[in-house]
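Raw contents of protein.cif, mmCIF, C-alpha atoms:
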data_target
loop_
_atom_site.label_atom_id
_atom_site.label_comp_id
_atom_site.auth_asym_id
_atom_site.auth_seq_id
_atom_site.Cartn_x
_atom_site.Cartn_y
_atom_site.Cartn_z
CA MET A 895 59.73 68.74 77.51
CA SER A 896 58.33 65.83 75.58
CA ILE A 897 54.62 65.10 75.26
CA GLU A 898 53.83 61.54 76.30
CA VAL A 899 51.06 59.88 74.29
CA LEU A 900 49.78 56.33 74.73
CA LEU A 901 48.49 54.67 71.56
CA VAL A 902 46.45 51.53 72.19
CA GLU A 903 46.34 49.76 68.85
CA ASP A 904 46.80 46.16 67.78
CA SER A 905 47.41 46.65 64.06
CA PRO A 906 51.17 46.99 63.38
CA GLY A 907 50.38 48.85 60.14
CA ASP A 908 48.26 51.45 61.93
CA VAL A 909 50.88 51.80 64.68
CA ARG A 910 53.49 52.54 62.06
CA LEU A 911 51.32 55.06 60.21
CA THR A 912 50.39 56.82 63.43
CA THR A 913 54.00 56.95 64.59
CA GLU A 914 55.12 58.43 61.29
CA ALA A 915 52.27 60.93 61.11
CA PHE A 916 52.94 62.20 64.65
CA ARG A 917 56.65 62.46 63.90
CA ASP A 918 55.79 64.73 60.98
CA ALA A 919 53.26 66.74 62.98
CA ASN A 920 55.16 67.34 66.21
CA ARG A 921 58.67 66.25 67.18
CA MET A 922 57.99 66.72 70.87
CA ILE A 923 55.61 63.77 70.94
CA HIS A 924 56.86 60.59 72.51
CA LEU A 925 54.47 57.84 71.39
CA HIS A 926 54.14 54.73 73.55
CA VAL A 927 52.31 51.73 72.13
CA ALA A 928 50.20 49.10 73.89
CA SER A 929 48.89 46.40 71.58
CA ASP A 930 46.02 45.12 73.71
CA GLY A 931 43.78 46.34 76.50
CA VAL A 932 45.54 44.43 79.29
CA GLU A 933 48.87 45.94 78.28
CA ALA A 934 47.30 49.42 78.14
CA LEU A 935 46.06 49.20 81.73
CA ALA A 936 49.39 47.75 82.93
CA PHE A 937 51.11 50.77 81.33
CA LEU A 938 48.69 53.23 82.94
CA ARG A 939 48.98 51.57 86.34
CA ASN A 940 52.78 51.17 86.18
CA GLU A 941 52.58 47.44 86.61
CA GLY A 942 55.25 44.84 85.78
CA ILE A 943 57.60 46.00 83.02
CA TYR A 944 55.78 49.36 83.03
CA ILE A 945 56.90 50.33 86.52
CA ASP A 946 58.69 53.37 85.09
CA ALA A 947 56.13 54.24 82.42
CA PRO A 948 55.28 57.95 82.30
CA ARG A 949 51.75 59.14 82.83
CA PRO A 950 50.51 59.95 79.32
CA GLN A 951 49.12 63.41 78.62
CA PHE A 952 46.63 61.77 76.42
CA ILE A 953 45.47 58.43 75.11
CA LEU A 954 44.47 57.27 71.64
CA LEU A 955 42.35 54.16 72.01
CA ASP A 956 41.17 51.68 69.39
CA LEU A 957 37.88 49.92 70.19
CA ASN A 958 38.57 46.48 68.83
CA LEU A 959 41.51 45.00 70.67
CA PRO A 960 42.62 41.54 71.75
CA LYS A 961 42.36 40.34 75.38
CA MET A 962 40.42 43.35 76.70
CA ASP A 963 38.61 45.52 74.22
CA GLY A 964 38.71 49.29 74.03
CA ARG A 965 35.27 49.79 75.58
CA GLU A 966 36.39 47.98 78.70
CA VAL A 967 39.70 49.88 78.80
CA LEU A 968 37.74 53.14 78.48
CA ALA A 969 35.42 52.16 81.34
CA HIS A 970 38.46 51.39 83.54
CA ILE A 971 40.14 54.71 82.70
CA LYS A 972 37.03 56.83 83.23
CA GLY A 973 36.09 54.98 86.42
CA ASP A 974 39.52 55.55 88.00
CA GLU A 975 39.90 58.78 90.00
CA SER A 976 43.52 59.20 89.01
CA LEU A 977 43.29 58.18 85.35
CA LYS A 978 39.96 59.80 84.40
CA THR A 979 41.53 63.22 83.85
CA ILE A 980 43.66 61.94 80.97
CA PRO A 981 41.89 62.89 77.74
CA THR A 982 41.05 59.68 75.93
CA ILE A 983 40.26 59.79 72.25
CA ILE A 984 38.69 56.85 70.47
CA LEU A 985 40.39 56.22 67.12
CA THR A 986 38.76 53.34 65.34
CA THR A 987 37.61 52.15 61.93
CA SER A 988 34.06 51.78 63.24
CA THR A 989 31.58 54.46 62.22
CA ALA A 990 28.64 52.60 63.81
CA GLU A 991 26.29 54.96 65.66
CA GLU A 992 26.13 52.41 68.48
CA ASP A 993 29.91 52.60 69.00
CA ILE A 994 29.89 56.41 68.89
CA MET A 995 27.02 56.63 71.39
CA ARG A 996 28.46 53.99 73.72
CA SER A 997 31.88 55.68 73.73
CA TYR A 998 30.45 59.06 74.72
CA GLU A 999 28.31 57.31 77.35
CA LEU A 1000 31.50 55.85 78.80
CA GLN A 1001 32.90 59.42 78.87
CA ALA A 1002 35.33 59.19 75.97
CA ASN A 1003 36.59 62.71 75.39
CA CYS A 1004 36.22 62.41 71.65
CA TYR A 1005 35.49 59.90 68.90
CA LEU A 1006 37.37 59.86 65.62
CA SER A 1007 37.07 57.39 62.81
CA LYS A 1008 40.19 56.12 61.14
CA PRO A 1009 40.08 56.85 57.43
CA VAL A 1010 41.25 54.18 55.03
CA GLN A 1011 43.07 56.60 52.74
CA LEU A 1012 46.63 57.36 53.81
CA ASP A 1013 46.53 61.12 53.25
CA GLU A 1014 43.27 61.39 55.16
CA PHE A 1015 44.76 59.37 57.99
CA GLU A 1016 47.65 61.83 58.14
CA GLY A 1017 45.11 64.66 58.19
CA VAL A 1018 43.38 63.12 61.22
CA VAL A 1019 46.66 62.76 63.12
CA LYS A 1020 47.59 66.34 62.27
CA SER A 1021 44.21 67.57 63.46
CA ILE A 1022 44.69 65.72 66.79
CA ASN A 1023 48.01 67.48 67.17
CA ASP A 1024 46.64 70.88 66.15
CA PHE A 1025 43.62 70.74 68.41
CA TRP A 1026 44.54 68.63 71.45
CA LEU A 1027 48.21 69.47 71.74
CA THR A 1028 48.06 73.10 70.65
CA MET A 1029 44.63 74.54 71.49
CA ALA A 1030 43.28 72.38 74.31
CA LYS A 1031 44.46 72.73 77.89
CA LEU A 1032 45.46 69.38 79.34
CA PRO A 1033 46.14 68.65 82.99
CA GLN A 1034 49.85 69.06 83.75
CA PRO A 1035 51.77 65.82 83.85
CA ARG A 1036 52.48 64.86 87.43
CA ARG A 1037 55.30 62.79 88.76
CA ASN A 1038 54.32 59.20 88.77
CA ILE A 1039 52.50 57.95 91.75
CA MET B 641 21.20 70.09 57.87
CA SER B 642 22.08 72.68 60.45
CA ILE B 643 24.43 72.03 63.36
CA GLU B 644 22.88 73.07 66.67
CA VAL B 645 25.35 74.47 69.19
CA LEU B 646 24.50 75.70 72.68
CA LEU B 647 26.76 78.46 73.98
CA VAL B 648 26.49 79.04 77.73
CA GLU B 649 28.04 82.43 78.31
CA ASP B 650 27.08 85.47 80.34
CA SER B 651 29.30 88.09 78.71
CA PRO B 652 27.41 89.80 75.84
CA GLY B 653 30.73 90.77 74.26
CA ASP B 654 31.97 87.18 74.21
CA VAL B 655 28.61 85.98 72.89
CA ARG B 656 28.85 88.40 70.00
CA LEU B 657 32.46 87.50 69.18
CA THR B 658 31.64 83.79 69.28
CA GLN B 659 28.62 84.28 67.02
CA GLU B 660 30.62 86.25 64.49
CA ALA B 661 33.53 83.81 64.54
CA PHE B 662 31.24 80.79 64.03
CA ARG B 663 29.37 82.55 61.25
CA GLU B 664 32.66 82.97 59.41
CA ALA B 665 33.86 79.46 60.16
CA ASN B 666 30.73 77.50 59.25
CA SER B 667 27.44 78.85 57.96
CA LEU B 668 25.60 75.64 58.92
CA ILE B 669 26.01 76.34 62.62
CA ARG B 670 22.98 77.60 64.54
CA LEU B 671 24.22 79.05 67.78
CA HIS B 672 21.81 79.12 70.73
CA VAL B 673 22.76 81.19 73.74
CA ALA B 674 22.00 80.64 77.43
CA SER B 675 23.33 83.39 79.68
CA ASP B 676 23.34 81.50 82.96
CA GLY B 677 23.40 77.94 84.24
CA PHE B 678 19.67 77.74 84.96
CA GLU B 679 18.78 78.82 81.46
CA ALA B 680 21.25 76.27 80.05
CA MET B 681 19.58 73.43 81.97
CA ALA B 682 16.10 74.65 80.99
CA PHE B 683 17.21 74.67 77.34
CA LEU B 684 18.64 71.15 77.59
CA ARG B 685 15.57 69.83 79.40
CA HIS B 686 13.06 71.63 77.15
CA GLU B 687 11.51 73.47 80.04
CA GLY B 688 9.36 76.60 79.91
CA ILE B 689 10.08 78.81 76.91
CA HIS B 690 12.58 76.18 75.74
CA ALA B 691 9.91 73.52 75.12
CA ASP B 692 10.82 73.38 71.43
CA ALA B 693 14.56 73.78 71.83
CA PRO B 694 16.58 71.38 69.68
CA ARG B 695 18.99 68.94 71.29
CA PRO B 696 22.39 70.56 70.69
CA ASP B 697 25.01 68.58 68.81
CA PHE B 698 27.54 70.15 71.09
CA ILE B 699 27.86 72.54 74.05
CA LEU B 700 30.33 75.35 74.77
CA LEU B 701 30.30 76.10 78.48
CA ASP B 702 31.84 78.96 80.42
CA LEU B 703 32.79 78.15 84.04
CA ASN B 704 31.93 81.41 85.74
CA LEU B 705 28.23 82.04 85.32
CA PRO B 706 25.49 83.70 87.34
CA LYS B 707 22.83 81.70 89.23
CA MET B 708 24.32 78.24 88.62
CA ASP B 709 27.97 78.09 87.65
CA GLY B 710 29.50 76.07 84.84
CA ARG B 711 30.93 73.39 87.13
CA GLU B 712 27.46 72.58 88.35
CA VAL B 713 25.99 72.65 84.84
CA LEU B 714 28.74 70.25 83.72
CA ALA B 715 27.97 67.86 86.59
CA HIS B 716 24.25 67.90 85.68
CA ILE B 717 24.98 67.21 82.01
CA LYS B 718 27.47 64.41 82.62
CA ASN B 719 25.29 62.65 85.21
CA ASP B 720 22.23 62.63 82.98
CA GLU B 721 21.92 59.47 80.87
CA SER B 722 20.37 61.35 77.98
CA LEU B 723 22.56 64.49 78.04
CA LYS B 724 25.96 62.96 78.85
CA THR B 725 26.61 61.97 75.23
CA ILE B 726 26.59 65.61 74.08
CA PRO B 727 30.22 66.74 73.80
CA THR B 728 30.70 69.58 76.27
CA ILE B 729 33.66 71.87 75.87
CA ILE B 730 34.74 74.25 78.59
CA LEU B 731 35.56 77.69 77.15
CA THR B 732 36.71 80.03 79.88
CA THR B 733 39.21 82.73 80.72
CA SER B 734 40.55 80.63 83.59
CA HIS B 735 43.96 79.00 83.12
CA ALA B 736 43.99 77.63 86.67
CA GLU B 737 45.29 74.08 86.87
CA GLU B 738 42.61 73.35 89.46
CA ASP B 739 39.86 74.32 87.00
CA ILE B 740 41.44 72.25 84.22
CA VAL B 741 41.77 69.13 86.40
CA SER B 742 38.33 69.43 88.01
CA SER B 743 36.69 69.93 84.60
CA TYR B 744 38.25 66.74 83.22
CA GLN B 745 37.34 64.95 86.46
CA ALA B 746 33.74 65.98 85.89
CA HIS B 747 34.03 64.54 82.34
CA ALA B 748 34.25 67.71 80.32
CA ASN B 749 35.15 66.53 76.83
CA CYS B 750 37.72 69.25 76.44
CA TYR B 751 39.02 72.43 78.09
CA LEU B 752 39.91 75.54 76.13
CA SER B 753 40.98 78.87 77.45
CA LYS B 754 39.52 82.01 75.96
CA PRO B 755 42.28 84.22 74.62
CA VAL B 756 42.03 87.96 75.22
CA GLN B 757 43.28 88.92 71.77
CA LEU B 758 40.58 88.99 69.12
CA ALA B 759 42.58 87.18 66.43
CA ALA B 760 43.50 84.41 68.85
CA PHE B 761 39.86 84.11 69.92
CA GLU B 762 38.81 83.69 66.28
CA ASP B 763 41.48 80.98 65.90
CA VAL B 764 40.05 79.09 68.86
CA VAL B 765 36.53 79.18 67.39
CA LYS B 766 37.87 78.10 64.02
CA SER B 767 39.76 75.22 65.62
CA ILE B 768 36.59 74.07 67.40
CA ASN B 769 34.82 74.05 64.06
CA ASP B 770 37.69 72.29 62.27
CA PHE B 771 38.14 69.61 64.88
CA TRP B 772 34.77 69.00 66.54
CA LEU B 773 32.43 69.77 63.68
CA THR B 774 34.54 68.40 60.84
CA ARG B 775 36.76 65.63 62.20
CA ALA B 776 35.07 64.29 65.29
CA LYS B 777 32.10 61.94 65.13
CA LEU B 778 29.24 63.25 67.22
CA THR B 779 26.16 61.33 68.24
CA GLN B 780 23.26 61.64 65.83
CA ARG B 781 20.31 63.70 66.90
CA ARG B 782 17.25 61.61 67.39
CA LEU B 783 13.94 62.49 65.87
CA ASP B 784 12.08 62.34 69.14
CA GLU B 785 13.95 65.39 70.40
#

How would this structure read if it were set down as structure tokens?
Amino acid sequence: MSIEVLLVEDSPGDVRLTTEAFRDANRMIHLHVASDGVEALAFLRNEGIYIDAPRPQFILLDLNLPKMDGREVLAHIKGDESLKTIPTIILTTSTAEEDIMRSYELQANCYLSKPVQLDEFEGVVKSINDFWLTMAKLPQPRRNI
Amino acid sequence: MSIEVLLVEDSPGDVRLTQEAFREANSLIRLHVASDGFEAMAFLRHEGIHADAPRPDFILLDLNLPKMDGREVLAHIKNDESLKTIPTIILTTSHAEEDIVSSYQAHANCYLSKPVQLAAFEDVVKSINDFWLTRAKLTQRRLDE
């Protein structure tokens, strides 16, 4: 069974790096990409072209996004009874204490900063796979509502 | 600087194994132990003998505890404006889907099940250290604590 992951990221370069790093780390992962916050929520709510989108087992969310930023997306996810159980990990270039604090206040499951160096970036993706997809227990995917 | 971790666990055997595994994984970790839910809340709120307790960087919480169980402790932590930003990881023998879902609903940052085998238990502790204390960004402790 594949593992459905939603990556919310507007930088095509980072999308590509993340896709490649997950492919190396775990072939079971099926990475879906939303490039802004509005698209992310449409995916999660199966709206419009996302009517058949799977419920992701976990979400990687950038903070700085066009249209609706990651903080707002996070607040929507964690304020929604159905979506709040999906582990949502912030993956952003920001290392500002204010962003870290605000994300945990909004009930982000975890905050990771995106390293600039390629090999470190691959290390972060591998650690997400090793911890969240191997060690952690996630809620079972349910049939879409 | 030391890393303050609060372990909320009533089994003396599990406390000892966790202490030994963390000692091997990271000598900077200072593990504080609360053996029931009341003691955990007193520690976090600096009450009674815990007046000088440090604010933990991170909490490991068992679900089945005497006096006040882990579900209730989790709800108190995640509804408290000051405490909610402390990453709280459920570490329990339960594999029940209901416990996994309700923990994420109550905004547990992560859910891990405690393996019975010693080597597997050590791997879990090591993975917590590798991911949460090495990769993840945690909120900074404030000096007023």

| query | Residues at most 8 Å from stretch 957-959 of chain A, counting all atoms listed in the file, excluding those fewer than 5 positions away in the same chain, as a list in words? | reply | Glu903, Asp904, Ser929, Asp930, Gly931, Gly964, Arg965, Ile984, Leu985 and Thr986 of chain A

Suppose we keep C-alpha atoms; can you now write the selection as a PDB file, in the coordinates of the input?
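Dumped everything to out.pdb:
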ATOM      1  CA  GLU A 903      46.340  49.760  68.850  1.00  0.00           C
ATOM      2  CA  ASP A 904      46.800  46.160  67.780  1.00  0.00           C
ATOM      3  CA  SER A 929      48.890  46.400  71.580  1.00  0.00           C
ATOM      4  CA  ASP A 930      46.020  45.120  73.710  1.00  0.00           C
ATOM      5  CA  GLY A 931      43.780  46.340  76.500  1.00  0.00           C
ATOM      6  CA  GLY A 964      38.710  49.290  74.030  1.00  0.00           C
ATOM      7  CA  ARG A 965      35.270  49.790  75.580  1.00  0.00           C
ATOM      8  CA  ILE A 984      38.690  56.850  70.470  1.00  0.00           C
ATOM      9  CA  LEU A 985      40.390  56.220  67.120  1.00  0.00           C
ATOM     10  CA  THR A 986      38.760  53.340  65.340  1.00  0.00           C
TER      11      THR A 986
END

| Which residues come within 7 Å of A:Ser896, counting only C-alpha atoms, excluding same-chain residues fewer than 3 positions away, as a list of chain:residue names? |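 Skipping anything fewer than 3 positions along the chain leaves A:Met922, A:Ile923, A:His924.
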
Take the residues from that selection and put them in a file with C-alpha atoms, as a short mmCIF file (atom, residue, chain, number, x, y, z; two decimals), keeping the file's coordinate frame.
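Generated file (out04.cif):
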data_model
loop_
_atom_site.label_atom_id
_atom_site.label_comp_id
_atom_site.auth_asym_id
_atom_site.auth_seq_id
_atom_site.Cartn_x
_atom_site.Cartn_y
_atom_site.Cartn_z
CA MET A 922 57.99 66.72 70.87
CA ILE A 923 55.61 63.77 70.94
CA HIS A 924 56.86 60.59 72.51
#

Define the interface residues of chain B facing chain A as those within 10 Å, counting only C-alpha atoms, and report them as a JSON list (two decimals) with C-alpha atoms, keeping the file's coordinate frame.
[["chain", "number", "residue", "atom", "x", "y", "z"],
["B", 718, "LYS", "CA", 27.47, 64.41, 82.62],
["B", 719, "ASN", "CA", 25.29, 62.65, 85.21],
["B", 720, "ASP", "CA", 22.23, 62.63, 82.98],
["B", 721, "GLU", "CA", 21.92, 59.47, 80.87],
["B", 722, "SER", "CA", 20.37, 61.35, 77.98],
["B", 723, "LEU", "CA", 22.56, 64.49, 78.04],
["B", 724, "LYS", "CA", 25.96, 62.96, 78.85],
["B", 725, "THR", "CA", 26.61, 61.97, 75.23],
["B", 726, "ILE", "CA", 26.59, 65.61, 74.08],
["B", 727, "PRO", "CA", 30.22, 66.74, 73.80],
["B", 728, "THR", "CA", 30.70, 69.58, 76.27],
["B", 729, "ILE", "CA", 33.66, 71.87, 75.87],
["B", 730, "ILE", "CA", 34.74, 74.25, 78.59],
["B", 731, "LEU", "CA", 35.56, 77.69, 77.15],
["B", 735, "HIS", "CA", 43.96, 79.00, 83.12],
["B", 736, "ALA", "CA", 43.99, 77.63, 86.67],
["B", 737, "GLU", "CA", 45.29, 74.08, 86.87],
["B", 738, "GLU", "CA", 42.61, 73.35, 89.46],
["B", 739, "ASP", "CA", 39.86, 74.32, 87.00],
["B", 740, "ILE", "CA", 41.44, 72.25, 84.22],
["B", 741, "VAL", "CA", 41.77, 69.13, 86.40],
["B", 742, "SER", "CA", 38.33, 69.43, 88.01],
["B", 743, "SER", "CA", 36.69, 69.93, 84.60],
["B", 744, "TYR", "CA", 38.25, 66.74, 83.22],
["B", 745, "GLN", "CA", 37.34, 64.95, 86.46],
["B", 746, "ALA", "CA", 33.74, 65.98, 85.89],
["B", 747, "HIS", "CA", 34.03, 64.54, 82.34],
["B", 748, "ALA", "CA", 34.25, 67.71, 80.32],
["B", 749, "ASN", "CA", 35.15, 66.53, 76.83],
["B", 750, "CYS", "CA", 37.72, 69.25, 76.44],
["B", 751, "TYR", "CA", 39.02, 72.43, 78.09],
["B", 752, "LEU", "CA", 39.91, 75.54, 76.13],
["B", 753, "SER", "CA", 40.98, 78.87, 77.45],
["B", 763, "ASP", "CA", 41.48, 80.98, 65.90],
["B", 764, "VAL", "CA", 40.05, 79.09, 68.86],
["B", 767, "SER", "CA", 39.76, 75.22, 65.62],
["B", 768, "ILE", "CA", 36.59, 74.07, 67.40],
["B", 770, "ASP", "CA", 37.69, 72.29, 62.27],
["B", 771, "PHE", "CA", 38.14, 69.61, 64.88],
["B", 772, "TRP", "CA", 34.77, 69.00, 66.54],
["B", 775, "ARG", "CA", 36.76, 65.63, 62.20],
["B", 776, "ALA", "CA", 35.07, 64.29, 65.29],
["B", 777, "LYS", "CA", 32.10, 61.94, 65.13],
["B", 778, "LEU", "CA", 29.24, 63.25, 67.22],
["B", 779, "THR", "CA", 26.16, 61.33, 68.24],
["B", 780, "GLN", "CA", 23.26, 61.64, 65.83]]

Would you kindly return, as a compact mmCIF listing (two decimals) with C-alpha atoms, in the frame of the given file, each protein, DNA or RNA residue with an atom no farther than 9 Å from any atom of A:Leu900, considering all atoms listed in the file and excluding same-chain residues fewer than 4 positions away?
# COMPACT_ATOMS: atom_id res chain seq x y z
CA HIS A 924 56.86 60.59 72.51
CA LEU A 925 54.47 57.84 71.39
CA HIS A 926 54.14 54.73 73.55
CA VAL A 927 52.31 51.73 72.13
CA ALA A 928 50.20 49.10 73.89
CA ALA A 934 47.30 49.42 78.14
CA PHE A 937 51.11 50.77 81.33
CA LEU A 938 48.69 53.23 82.94
CA ARG A 949 51.75 59.14 82.83
CA PRO A 950 50.51 59.95 79.32
CA GLN A 951 49.12 63.41 78.62
CA PHE A 952 46.63 61.77 76.42
CA ILE A 953 45.47 58.43 75.11
CA LEU A 954 44.47 57.27 71.64
CA LEU A 955 42.35 54.16 72.01

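Using only C-alpha atoms, the nearest neighbour of B:Pro696 within the list B:Asn666, B:Ser642, B:Ser651, B:Thr732 is B:Ser642.
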
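Look at B:Phe662: the protein and nucleic acid residues within 10 Å of it, using all atoms listed in the file and passing over chain neighbours fewer than 3 places away, are Arg656, Leu657, Thr658, Gln659, Ala665, Asn666, Ser667, Leu668, Ile669, Arg670, Leu671, Glu762, Val765, Lys766, Ile768 and Asn769 of chain B.
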
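When atom CA of B:His716 is paired with atom CA of B:Arg685, their separation reads 10.9 Å.
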
| query | What does the distance from atom CA of A:Asn1023 to atom CA of B:Val645 come to in Å, to one decimal? | reply |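 A separation of 23.8 Å between them.
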
| said: Quick check on the file I pasted: which residues fall under the PyMOL selection byres ((chain B and resi 650) around 9)? Write them as number ranges by chain. | reply: B: 648-649, 651-655, 673-676, 702, 704-706

| said: Using Å and a single decimal, report how far atom CA of A:Ser988 sits from atom CA of A:Gly907. | reply: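 Distance between the two atoms: 16.9 Å.
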
| message | From the options B:Arg663, B:Thr733, B:Gly677, B:Phe761, which residue's atoms come nearest to B:Arg711, counting all atoms listed in the file? | response |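 Of B:Arg663, B:Thr733, B:Gly677, B:Phe761, the one nearest B:Arg711, counting all atoms listed in the file, is B:Gly677.
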